[in-house]
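One structure is given below, encoded as C-alpha coordinates.
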Amino acid sequence: MRKIILLMHVSLDGFVTGPNGEMDWIIYTEEEQNYVTDLLNTGCWGRKTSL
(Lines give C-alpha, C1' and ligand atoms only; values in the text may rest on other atoms or scores of the structure.)
Protein backbone atom coordinates (compact mmCIF):
# COMPACT_ATOMS: atom_id res chain seq x y z
CA MET A 1 0.00 0.00 0.00
CA ARG A 2 1.28 3.47 -0.85
CA LYS A 3 1.57 6.39 1.54
CA ILE A 4 -0.39 9.58 1.00
CA ILE A 5 1.25 12.71 2.40
CA LEU A 6 -0.75 15.92 2.79
CA LEU A 7 0.81 19.23 3.71
CA MET A 8 -1.76 21.98 4.19
CA HIS A 9 -1.77 25.20 6.17
CA VAL A 10 -5.03 25.67 8.06
CA SER A 11 -5.77 28.22 10.76
CA LEU A 12 -7.13 27.11 14.14
CA ASP A 13 -10.63 28.15 13.07
CA GLY A 14 -10.44 26.00 9.91
CA PHE A 15 -9.67 28.59 7.23
CA VAL A 16 -7.02 28.25 4.53
CA THR A 17 -7.13 31.81 3.14
CA GLY A 18 -8.26 35.19 4.36
CA PRO A 19 -11.46 36.93 3.22
CA ASN A 20 -9.81 38.13 0.00
CA GLY A 21 -7.86 34.95 -0.74
CA GLU A 22 -4.65 36.16 0.94
CA MET A 23 -2.28 33.68 2.54
CA ASP A 24 -0.04 36.23 4.27
CA TRP A 25 -0.73 34.70 7.68
CA ILE A 26 1.52 31.72 6.91
CA ILE A 27 4.92 32.28 8.52
CA TYR A 28 7.80 29.90 7.85
CA THR A 29 10.87 29.43 9.93
CA GLU A 30 14.02 28.24 8.18
CA GLU A 31 13.60 24.82 9.81
CA GLU A 32 10.04 24.49 8.47
CA GLN A 33 11.10 25.58 5.00
CA ASN A 34 13.89 22.97 4.99
CA TYR A 35 11.41 20.28 6.07
CA VAL A 36 8.96 21.18 3.30
CA THR A 37 11.74 21.29 0.72
CA ASP A 38 13.02 17.87 1.79
CA LEU A 39 9.49 16.47 1.77
CA LEU A 40 8.82 17.74 -1.75
CA ASN A 41 12.19 16.54 -3.04
CA THR A 42 11.70 12.99 -1.75
CA GLY A 43 8.07 12.68 -2.77
CA CYS A 44 6.83 10.70 -5.73
CA TRP A 45 5.03 12.93 -8.21
CA GLY A 46 2.56 11.47 -10.63
CA ARG A 47 1.80 7.87 -11.31
CA LYS A 48 4.40 5.23 -12.06
CA THR A 49 3.56 2.49 -14.49
CA SER A 50 5.54 -0.66 -15.05
CA LEU A 51 6.10 -2.01 -18.55
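Order determines the names: the first chain of the C-alpha coordinates is A, the second B, and so forth; residues in each chain are numbered 1 upward, and ligands are numbered 1 upward as they are shown.
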
Q. Using only C-alpha atoms, which residues sit within 9 Å of A:Trp25 once same-chain residues fewer than 4 positions away are excluded, as a PyMOL selection string?
A. chain A and resi 11+17-18

How about saving the chosen residues, all heavy atoms kept, as a short mmCIF file (atom, residue, chain, number, x, y, z; two decimals), in the first residue's frame?
```cif
data_model
loop_
_atom_site.label_atom_id
_atom_site.label_comp_id
_atom_site.auth_asym_id
_atom_site.auth_seq_id
_atom_site.Cartn_x
_atom_site.Cartn_y
_atom_site.Cartn_z
N SER A 11 -5.73 27.48 9.50
CA SER A 11 -5.77 28.22 10.76
C SER A 11 -6.54 27.42 11.81
O SER A 11 -7.24 26.45 11.49
CB SER A 11 -6.40 29.60 10.55
OG SER A 11 -7.76 29.43 10.18
N THR A 17 -7.47 30.46 3.62
CA THR A 17 -7.13 31.81 3.14
C THR A 17 -7.95 32.84 3.91
O THR A 17 -8.94 32.53 4.55
CB THR A 17 -7.43 31.98 1.64
OG1 THR A 17 -8.83 31.84 1.41
CG2 THR A 17 -6.68 30.97 0.81
N GLY A 18 -7.52 34.09 3.76
CA GLY A 18 -8.26 35.19 4.36
C GLY A 18 -9.48 35.53 3.53
O GLY A 18 -9.76 34.90 2.51
#
```

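DSSP, applied to the backbone of this structure, assigns alpha helix (DSSP H) to the following residues of chain A: A:Glu30, A:Glu31, A:Glu32, A:Gln33, A:Asn34, A:Tyr35, A:Val36, A:Thr37, A:Asp38, A:Leu39, A:Leu40, A:Asn41, A:Thr42.
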
Q. Mind pulling up the distance from atom CA of A:Val10 to atom CA of A:Met23?
A. 10.1 Å

Q: Could you jot down the atom CA of A:Ile5 to atom CA of A:Glu31 separation for me, Å, one decimal place?
A: 18.8 Å

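Comparing A:Phe15, A:Arg2, A:Met8, A:Gly21 by their smallest distance to A:Val36, the closest is A:Met8 (using only C-alpha atoms).
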